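The file upload_21.txt comes next; it holds compact mmCIF, C-alpha atoms.
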```
# COMPACT_ATOMS: atom_id res chain seq x y z
CA MET A 1341 -45.44 200.10 32.46
CA VAL A 1342 -47.24 198.45 29.54
CA PHE A 1343 -50.26 196.25 30.06
CA LEU A 1344 -51.04 193.65 27.41
CA ALA A 1345 -54.58 192.46 26.91
CA ALA A 1346 -54.99 188.73 27.17
CA PRO A 1347 -56.04 187.16 23.87
CA VAL A 1348 -59.60 185.89 23.62
CA CYS A 1349 -59.50 182.13 23.42
CA ALA A 1350 -61.28 180.36 20.59
CA SER A 1351 -63.64 178.54 22.95
CA ALA A 1352 -64.81 181.82 24.53
CA GLN A 1353 -65.35 183.32 21.10
CA SER A 1354 -67.21 180.22 19.99
CA ALA A 1355 -69.42 180.41 23.08
CA SER A 1356 -70.27 184.04 22.27
CA VAL A 1357 -71.16 183.16 18.69
CA THR A 1358 -73.33 180.29 19.90
CA ALA A 1359 -75.07 182.61 22.37
CA ALA A 1360 -75.75 185.17 19.64
CA ILE A 1361 -77.18 182.50 17.33
CA VAL A 1362 -79.52 181.34 20.09
CA GLU A 1363 -80.55 184.88 21.03
CA THR A 1364 -81.26 186.04 17.47
CA ALA A 1365 -83.40 182.94 16.98
CA ASN A 1366 -85.24 183.58 20.26
CA ILE A 1367 -85.97 187.20 19.34
CA ALA A 1368 -87.18 186.16 15.90
CA GLY A 1369 -89.42 183.50 17.46
CA ALA A 1370 -90.83 186.04 19.92
CA MET A 1371 -91.66 188.39 17.04
CA GLU A 1372 -93.51 185.61 15.24
CA GLN A 1373 -95.53 184.88 18.38
CA VAL A 1374 -96.40 188.57 18.76
CA ALA A 1375 -97.69 188.54 15.18
CA ILE A 1376 -99.84 185.50 15.93
CA ASP A 1377 -101.32 187.21 19.01
CA THR A 1378 -101.70 190.78 17.74
CA GLY A 1379 -101.40 190.70 13.94
CA THR A 1380 -98.38 193.03 14.12
CA TYR A 1381 -94.68 193.12 14.86
CA THR A 1382 -93.29 195.54 17.43
CA THR A 1383 -89.87 196.73 18.58
CA ILE A 1384 -87.33 194.38 20.16
CA GLU A 1385 -87.36 196.55 23.29
CA ASN A 1386 -91.06 195.77 23.79
CA LEU A 1387 -90.69 192.00 23.83
CA ASP A 1388 -90.13 191.83 27.61
CA ASP A 1389 -93.06 194.17 28.34
CA LEU A 1390 -95.97 193.27 30.63
CA PRO A 1391 -99.65 193.54 29.64
CA GLY A 1392 -100.38 195.88 32.58
CA PRO A 1393 -98.70 198.79 34.41
CA THR A 1394 -95.61 197.99 36.48
CA ASP A 1395 -94.12 199.83 39.46
CA THR A 1396 -90.58 198.72 38.64
CA TYR A 1397 -90.06 200.32 35.23
CA GLU A 1398 -93.10 202.07 33.81
CA PHE A 1399 -91.75 201.67 30.27
CA ASP A 1400 -91.99 197.87 30.71
CA TRP A 1401 -95.76 198.16 30.25
CA ILE A 1402 -96.62 197.52 26.60
CA ASN A 1403 -99.08 200.43 26.48
CA PHE A 1404 -96.81 202.95 28.21
CA ASP A 1405 -96.59 206.35 26.50
CA GLY A 1406 -99.86 205.92 24.62
CA GLY A 1407 -99.34 202.49 23.14
CA ALA A 1408 -96.76 200.46 21.25
CA LEU A 1409 -94.95 201.15 18.02
CA VAL A 1410 -96.08 198.41 15.65
CA LEU A 1411 -95.88 197.52 12.00
CA ARG A 1412 -98.09 195.26 9.96
CA PRO A 1413 -96.15 192.37 8.40
CA ALA A 1414 -97.71 193.09 5.00
CA ALA A 1415 -96.58 196.74 5.02
CA GLY A 1416 -93.02 196.67 6.44
CA ARG A 1417 -93.20 200.14 8.02
CA PHE A 1418 -94.30 201.41 11.41
CA GLU A 1419 -97.91 202.45 11.64
CA PRO A 1420 -98.34 206.25 11.76
CA SER A 1421 -99.66 206.20 15.34
CA ARG A 1422 -99.09 204.03 18.40
CA VAL A 1423 -101.42 201.09 18.98
CA ILE A 1424 -102.94 199.95 22.27
CA LEU A 1425 -102.17 196.24 22.54
CA GLN A 1426 -104.51 194.52 24.97
CA PRO A 1427 -106.51 191.27 24.99
CA ASP A 1428 -110.01 191.24 23.53
CA PRO A 1429 -112.40 191.05 26.51
CA PHE A 1430 -114.23 188.24 24.73
CA ASP A 1431 -111.02 186.41 23.85
CA PRO A 1432 -108.43 186.67 26.65
CA PHE A 1433 -105.95 184.64 24.60
CA SER A 1434 -105.75 187.31 21.90
CA GLY A 1435 -103.81 190.58 21.99
CA TRP A 1436 -100.63 191.17 23.97
CA GLN A 1437 -99.66 188.04 25.93
CA GLY A 1438 -96.19 189.18 26.95
CA PRO A 1439 -93.60 189.14 28.20
CA TYR A 1440 -92.35 187.09 25.26
CA LEU A 1441 -88.73 187.16 26.43
CA THR A 1442 -87.05 187.23 29.84
CA ALA A 1443 -86.85 190.77 31.21
CA PHE A 1444 -83.93 192.82 29.91
CA THR A 1445 -81.83 194.39 32.66
CA ASN A 1446 -80.13 197.79 32.72
CA ASP A 1447 -76.75 196.08 32.44
CA ASP A 1448 -77.39 194.57 29.03
CA VAL A 1449 -79.52 197.08 27.13
CA THR A 1450 -78.92 200.18 25.04
CA GLY A 1451 -78.94 203.50 26.87
CA PRO A 1452 -80.46 206.92 26.17
CA THR A 1453 -77.49 208.07 24.06
CA ASP A 1454 -77.37 204.99 21.85
CA PRO A 1455 -78.46 205.73 18.25
CA TYR A 1456 -80.69 202.64 18.22
CA ASP A 1457 -83.76 202.04 20.39
CA GLU A 1458 -83.24 202.66 24.12
CA GLY A 1459 -83.80 199.53 26.20
CA SER A 1460 -82.96 197.05 23.41
CA PRO A 1461 -80.95 193.96 24.43
CA LEU A 1462 -77.25 193.79 23.60
CA ASP A 1463 -75.45 190.93 21.89
CA PRO A 1464 -72.42 189.23 23.51
CA TRP A 1465 -70.13 191.96 22.12
CA GLY A 1466 -72.13 194.85 23.58
CA GLU A 1467 -73.90 195.93 20.38
CA PRO A 1468 -77.69 196.07 19.91
CA TYR A 1469 -79.64 193.37 18.16
CA TYR A 1470 -81.12 195.05 15.09
CA PHE A 1471 -84.58 194.52 13.61
CA PHE A 1472 -84.83 194.63 9.80
CA THR A 1473 -87.96 194.60 7.66
CA PRO A 1474 -87.79 193.87 3.91
CA LEU A 1475 -87.76 197.66 3.43
CA GLY A 1476 -84.73 198.29 5.67
CA LEU A 1477 -83.67 198.85 9.27
CA ALA A 1478 -86.54 199.52 11.68
CA VAL A 1479 -85.53 202.59 13.73
CA PRO A 1480 -87.88 202.80 16.73
CA ARG A 1481 -86.50 206.13 18.00
CA SER A 1482 -87.95 207.86 14.94
CA GLY A 1483 -90.64 205.32 14.03
CA THR A 1484 -89.09 205.02 10.57
CA VAL A 1485 -87.31 202.52 8.34
CA SER A 1486 -83.85 203.50 7.08
CA LEU A 1487 -81.28 202.10 4.66
CA ASP A 1488 -78.55 202.00 7.31
CA LEU A 1489 -76.33 198.91 7.61
CA TYR A 1490 -77.87 196.31 5.26
CA GLY A 1491 -80.26 198.64 3.47
CA ASP A 1492 -83.14 196.75 1.85
CA ASP A 1493 -81.15 193.63 1.00
CA PHE A 1494 -83.21 191.27 3.18
CA ASP A 1495 -86.29 189.93 1.43
CA ARG A 1496 -87.79 188.74 4.73
CA TYR A 1497 -87.85 190.11 8.26
CA ALA A 1498 -84.62 189.57 10.18
CA ILE A 1499 -82.95 189.98 13.57
CA VAL A 1500 -79.25 190.80 13.19
CA SER A 1501 -76.17 190.74 15.41
CA LEU A 1502 -73.19 192.46 13.82
CA GLY A 1503 -70.96 189.77 15.32
CA PRO A 1504 -67.53 190.01 16.96
CA ASP A 1505 -66.32 192.98 14.90
CA GLY A 1506 -69.47 195.10 15.34
CA THR A 1507 -69.70 196.00 11.66
CA VAL A 1508 -71.46 194.66 8.57
CA SER A 1509 -69.27 191.74 7.54
CA GLY A 1510 -69.15 188.01 7.00
CA ASP A 1511 -69.24 187.24 10.74
CA ASP A 1512 -72.73 188.71 11.22
CA ILE A 1513 -75.43 186.48 12.65
CA VAL A 1514 -78.93 186.67 11.19
CA ALA A 1515 -82.23 184.98 12.02
CA ARG A 1516 -84.87 185.46 9.33
CA PHE A 1517 -88.58 185.10 9.96
CA GLY A 1518 -91.95 186.00 8.49
CA GLY A 1519 -92.32 186.69 4.79
CA ALA A 1520 -91.96 189.43 2.21
CA VAL A 1521 -93.98 192.62 2.14
CA THR A 1522 -97.25 191.97 0.31
CA GLU A 1523 -98.48 195.55 -0.19
CA LEU A 1524 -97.32 198.11 -2.75
CA ALA A 1525 -94.23 199.71 -1.21
CA ILE A 1526 -90.95 201.32 -2.21
CA SER A 1527 -87.93 200.17 -0.23
CA SER A 1528 -85.34 202.41 -1.91
CA ALA A 1529 -84.83 204.90 -4.73
CA ARG A 1530 -81.25 205.36 -5.89
CA LEU A 1531 -79.37 207.22 -8.61
CA ALA A 1532 -76.60 205.43 -10.48
CA VAL A 1533 -74.54 208.23 -12.02
CA PRO A 1534 -71.79 207.03 -14.41
CA ALA A 1535 -68.22 208.22 -13.85
CA LYS A 1536 -68.20 209.66 -17.36
CA GLN A 1537 -71.46 211.44 -18.09
CA ALA A 1538 -71.16 210.86 -21.83
CA ALA A 1539 -70.61 207.13 -21.44
CA ALA A 1540 -74.10 206.19 -20.24
CA PRO A 1541 -77.38 207.77 -19.13
CA ILE A 1542 -78.12 208.52 -15.50
CA GLU A 1543 -80.16 205.65 -14.12
CA LEU A 1544 -82.89 205.85 -11.48
CA ARG A 1545 -83.49 202.51 -9.76
CA VAL A 1546 -86.58 202.03 -7.60
CA LYS A 1547 -86.81 198.83 -5.55
CA GLY A 1548 -89.81 197.54 -3.66
CA TYR A 1549 -92.82 195.28 -3.80
CA ARG A 1550 -95.97 194.82 -5.90
CA PHE A 1551 -95.09 197.22 -8.70
CA GLY A 1552 -96.71 194.92 -11.26
CA ASN A 1553 -94.85 193.06 -14.00
CA SER A 1554 -95.53 195.71 -16.66
CA GLN A 1555 -95.75 199.48 -16.60
CA GLY A 1556 -99.16 199.95 -18.19
CA THR A 1557 -100.31 203.34 -16.94
CA GLY A 1558 -97.82 203.25 -14.05
CA ALA A 1559 -95.24 205.95 -13.45
CA VAL A 1560 -92.44 207.01 -11.13
CA LEU A 1561 -93.00 210.39 -9.50
CA VAL A 1562 -90.30 212.72 -8.22
CA ASN A 1563 -91.46 215.73 -6.20
CA GLY A 1564 -94.99 214.70 -7.14
CA SER A 1565 -94.40 214.87 -10.91
CA GLU A 1566 -93.99 212.00 -13.35
CA VAL A 1567 -90.38 211.25 -14.30
CA ASP A 1568 -89.47 212.23 -17.85
CA GLY A 1569 -87.23 209.41 -19.03
CA THR A 1570 -87.00 206.04 -20.74
CA VAL A 1571 -88.15 202.90 -18.98
CA LEU A 1572 -85.31 200.36 -19.07
CA GLU A 1573 -87.04 197.74 -16.91
CA TRP A 1574 -90.31 197.39 -15.03
CA THR A 1575 -90.84 194.32 -12.87
CA ASP A 1576 -92.79 193.56 -9.72
CA ARG A 1577 -89.72 194.35 -7.59
CA LEU A 1578 -87.62 196.78 -9.66
CA VAL A 1579 -88.10 199.77 -11.96
CA ARG A 1580 -85.20 201.32 -13.89
CA PHE A 1581 -85.40 204.65 -15.70
CA ALA A 1582 -82.79 206.35 -17.90
CA LEU A 1583 -82.87 210.07 -17.14
CA PRO A 1584 -81.46 213.03 -19.08
CA THR A 1585 -80.67 214.94 -15.86
CA PRO A 1586 -80.52 213.79 -12.23
CA PRO A 1587 -83.13 214.89 -9.68
CA ALA A 1588 -81.86 216.54 -6.52
CA ALA A 1589 -80.59 214.19 -3.81
CA GLY A 1590 -83.21 213.68 -1.11
CA ALA A 1591 -86.11 214.41 -3.45
CA PRO A 1592 -89.21 212.33 -2.59
CA VAL A 1593 -89.72 209.44 -5.00
CA ALA A 1594 -93.09 207.68 -5.25
CA LEU A 1595 -94.47 205.09 -7.62
CA ARG A 1596 -97.91 204.74 -9.16
CA ALA A 1597 -98.78 201.21 -10.24
CA ASP A 1598 -100.93 200.36 -13.24
CA SER A 1599 -103.78 199.77 -10.77
CA GLY A 1600 -103.66 203.45 -9.78
CA ALA A 1601 -102.36 202.72 -6.26
CA VAL A 1602 -99.49 204.98 -5.16
CA ALA A 1603 -96.64 203.80 -2.91
CA GLU A 1604 -95.45 205.99 -0.06
CA ALA A 1605 -92.57 208.23 -1.14
CA VAL A 1606 -88.98 207.66 0.01
CA PRO A 1607 -85.99 210.04 -0.29
CA LEU A 1608 -83.72 209.67 -3.30
CA GLN A 1609 -80.20 208.47 -2.48
CA ASN A 1610 -76.95 207.89 -4.34
CA GLU A 1611 -76.42 204.34 -5.50
CA THR A 1612 -74.69 202.08 -2.98
CA THR A 1613 -74.24 198.33 -3.01
CA THR A 1614 -73.90 195.86 -0.16
CA SER A 1615 -72.84 192.25 -0.46
CA VAL A 1616 -75.03 190.03 1.69
CA PRO A 1617 -73.79 186.56 2.65
CA HIS A 1618 -76.07 183.56 2.61
CA TRP A 1619 -77.78 182.98 5.95
CA ASP A 1620 -79.06 179.46 5.38
CA LEU A 1621 -77.08 178.22 8.42
CA TYR A 1622 -79.03 180.33 10.88
```

Represent the structure of the file as structure tokens.
Amino acid sequence: MVFLAAPVCASAQSASVTAAIVETANIAGAMEQVAIDTGTYTTIENLDDLPGPTDTYEFDWINFDGGALVLRPAAGRFEPSRVILQPDPFDPFSGWQGPYLTAFTNDDVTGPTDPYDEGSPLDPWGEPYYFFTPLGLAVPRSGTVSLDLYGDDFDRYAIVSLGPDGTVSGDDIVARFGGAVTELAISSARLAVPAKQAAAPIELRVKGYRFGNSQGTGAVLVNGSEVDGTVLEWTDRLVRFALPTPPAAGAPVALRADSGAVAEAVPLQNETTTSVPHWDLY
């Protein structure tokens, strides 16, 4: 006997899309309110947390496990240690004022085997809502930012649903919020190796923020040493070097600005490109 799945009607699909648009906007708005109250962003999973211990689910206390994972909006990466978020005793309206969203239930959150953050809410198609900084995907499980999915293509913070097909595509739903990173930071370092080695030099492309609009005494460092190559372009957001030989994949790449400040190193990756639609509708 063969069972045929009933087709999803357009109205049901439209209702799911509408729900995802509303939910991404609500999560983005909650993040903005957290920043107003605490000066930081946190993980999506934390947005339904209480300011004090709870007997129901201990992880629904914002300071469970030694504090919350947070990132400063200006930096775009998680702080190296957890932060205790609590109101100032002299200003009870400051600090964590959650929950900022209705409590997430076990039926609609990611589980312990999901590659994204456990306890994060799911979109109408059963996939997590993802939190992007201008440097890439915030990965709470590791407290890091990665170039998975959209890489560093968003120039503002964003909450993303991968839409009905669950992959990066034109049906994705995005709610942007906040601003760009305002501190010296590298978002990605990539090698563009030509198909024919003799046709063009190997190009190292470093993207990020606050590099300065001219090199001056600045330099790109690979494995802690200055890159030996020709500068093709140096702008506040992008540096391009022509290299005689490629560094090893995964090598740490840092950048020293003309001011002497050094950006945190990121691993070198092969060049990849992602086409990002316009999200002005959301």

Atomic distance CA of Ser1528 in chain A - CA of Arg1580 in chain A, expressed in Å with one decimal: 12.0 Å

May I have a table of the residues of range 1362-1442 of chain A lying at most 9 Å from range 1480-1487 of chain A, giving each one's closest pair of atoms and their distance in Å to one decimal, counting all atoms listed in the file, ordered by chain and ascending residue number, as CSV?
```
residue,atom,partner,partner_atom,distance
A:Thr1383,CA,A:Pro1480,CA,6.7
A:Leu1409,CA,A:Gly1483,CA,7.2
A:Val1410,CA,A:Gly1483,CA,8.9
A:Gly1416,CA,A:Val1485,CA,8.4
A:Arg1417,CA,A:Val1485,CA,6.4
A:Phe1418,CA,A:Gly1483,CA,6.0
A:Glu1419,CA,A:Gly1483,CA,8.2
A:Pro1420,CA,A:Gly1483,CA,8.1
```

Non-local contacts of Phe1494 in chain A (10 Å; only C-alpha atoms; under 6 positions in same chain excluded) as a ChimeraX atom specification: /A:1472-1477,1516,1520,1616

Between CA of Thr1450 in chain A and CA of Arg1496 in chain A, distance in Å (one decimal): 24.9 Å

Nearby residues (all atoms listed in the file) at most 8 Å from Ile1402 in chain A, same-chain spacing under 3 positions excluded, as a PyMOL selection string: chain A and resi 1386+1389-1392+1399+1407-1408+1425+1436

Nearest residue to Ala1355 in chain A from the set A:Val1562, A:Pro1464, A:Asp1495, A:Ile1542 (distances using only C-alpha atoms): A:Pro1464

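Between CA of Ala1589 in chain A and CA of Thr1575 in chain A the interatomic distance comes to 24.1 Å.
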
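Distance annotation: of A:Phe1581, A:Tyr1440, A:Tyr1456, A:Tyr1470, the residue with the minimal separation from Asp1377 in chain A is A:Tyr1440; atom set is all atoms listed in the file.
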
Top pick for closest residue to Thr1442 in chain A, considering A:Asp1505, A:Asp1512, A:Asp1388, A:Glu1363 and counting only C-alpha atoms: A:Asp1388

As a short mmCIF file (atom, residue, chain, number, x, y, z; two decimals), in the frame of the given file, please: range 1587-1598 of chain A completed to all heavy atoms.
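So result.cif came out as:
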```cif
data_model
loop_
_atom_site.label_atom_id
_atom_site.label_comp_id
_atom_site.auth_asym_id
_atom_site.auth_seq_id
_atom_site.Cartn_x
_atom_site.Cartn_y
_atom_site.Cartn_z
N PRO A 1587 -82.39 214.12 -10.67
CA PRO A 1587 -83.13 214.89 -9.68
C PRO A 1587 -82.22 215.23 -8.50
O PRO A 1587 -81.15 214.64 -8.34
CB PRO A 1587 -84.26 213.94 -9.25
CG PRO A 1587 -84.25 212.84 -10.25
CD PRO A 1587 -82.87 212.75 -10.78
N ALA A 1588 -82.65 216.15 -7.68
CA ALA A 1588 -81.86 216.54 -6.52
C ALA A 1588 -81.84 215.41 -5.51
O ALA A 1588 -82.84 214.71 -5.30
CB ALA A 1588 -82.43 217.80 -5.88
N ALA A 1589 -80.69 215.19 -4.86
CA ALA A 1589 -80.59 214.19 -3.81
C ALA A 1589 -81.59 214.52 -2.70
O ALA A 1589 -81.77 215.68 -2.33
CB ALA A 1589 -79.18 214.15 -3.24
N GLY A 1590 -82.23 213.49 -2.17
CA GLY A 1590 -83.21 213.68 -1.11
C GLY A 1590 -84.61 213.96 -1.60
O GLY A 1590 -85.54 214.03 -0.80
N ALA A 1591 -84.77 214.14 -2.91
CA ALA A 1591 -86.11 214.41 -3.45
C ALA A 1591 -87.02 213.22 -3.18
O ALA A 1591 -86.59 212.06 -3.27
CB ALA A 1591 -86.03 214.67 -4.95
N PRO A 1592 -88.30 213.45 -2.85
CA PRO A 1592 -89.21 212.33 -2.59
C PRO A 1592 -89.56 211.60 -3.88
O PRO A 1592 -89.94 212.22 -4.87
CB PRO A 1592 -90.44 213.02 -1.98
CG PRO A 1592 -90.40 214.42 -2.50
CD PRO A 1592 -88.95 214.75 -2.64
N VAL A 1593 -89.42 210.28 -3.84
CA VAL A 1593 -89.72 209.44 -5.00
C VAL A 1593 -90.88 208.51 -4.64
O VAL A 1593 -90.81 207.78 -3.65
CB VAL A 1593 -88.50 208.60 -5.43
CG1 VAL A 1593 -88.84 207.67 -6.58
CG2 VAL A 1593 -87.34 209.51 -5.80
N ALA A 1594 -91.93 208.56 -5.43
CA ALA A 1594 -93.09 207.68 -5.25
C ALA A 1594 -93.29 206.88 -6.52
O ALA A 1594 -92.63 207.12 -7.54
CB ALA A 1594 -94.33 208.50 -4.91
N LEU A 1595 -94.18 205.91 -6.45
CA LEU A 1595 -94.47 205.09 -7.62
C LEU A 1595 -95.97 204.85 -7.71
O LEU A 1595 -96.60 204.51 -6.70
CB LEU A 1595 -93.72 203.76 -7.57
CG LEU A 1595 -93.93 202.83 -8.76
CD1 LEU A 1595 -92.61 202.15 -9.18
CD2 LEU A 1595 -94.97 201.75 -8.47
N ARG A 1596 -96.51 205.06 -8.91
CA ARG A 1596 -97.91 204.74 -9.16
C ARG A 1596 -97.99 203.48 -10.02
O ARG A 1596 -97.40 203.42 -11.10
CB ARG A 1596 -98.61 205.89 -9.90
CG ARG A 1596 -100.13 205.68 -10.06
CD ARG A 1596 -100.79 206.81 -10.81
NE ARG A 1596 -100.41 206.82 -12.21
CZ ARG A 1596 -99.81 207.85 -12.82
NH1 ARG A 1596 -99.51 208.94 -12.14
NH2 ARG A 1596 -99.50 207.78 -14.10
N ALA A 1597 -98.64 202.47 -9.51
CA ALA A 1597 -98.78 201.21 -10.24
C ALA A 1597 -99.86 201.34 -11.30
O ALA A 1597 -100.65 202.29 -11.31
CB ALA A 1597 -99.10 200.07 -9.28
N ASP A 1598 -99.90 200.37 -12.18
CA ASP A 1598 -100.93 200.36 -13.24
C ASP A 1598 -102.33 200.35 -12.64
O ASP A 1598 -103.28 200.86 -13.25
CB ASP A 1598 -100.72 199.13 -14.13
CG ASP A 1598 -101.64 199.11 -15.34
OD1 ASP A 1598 -101.90 200.19 -15.90
OD2 ASP A 1598 -102.12 198.02 -15.70
#
```
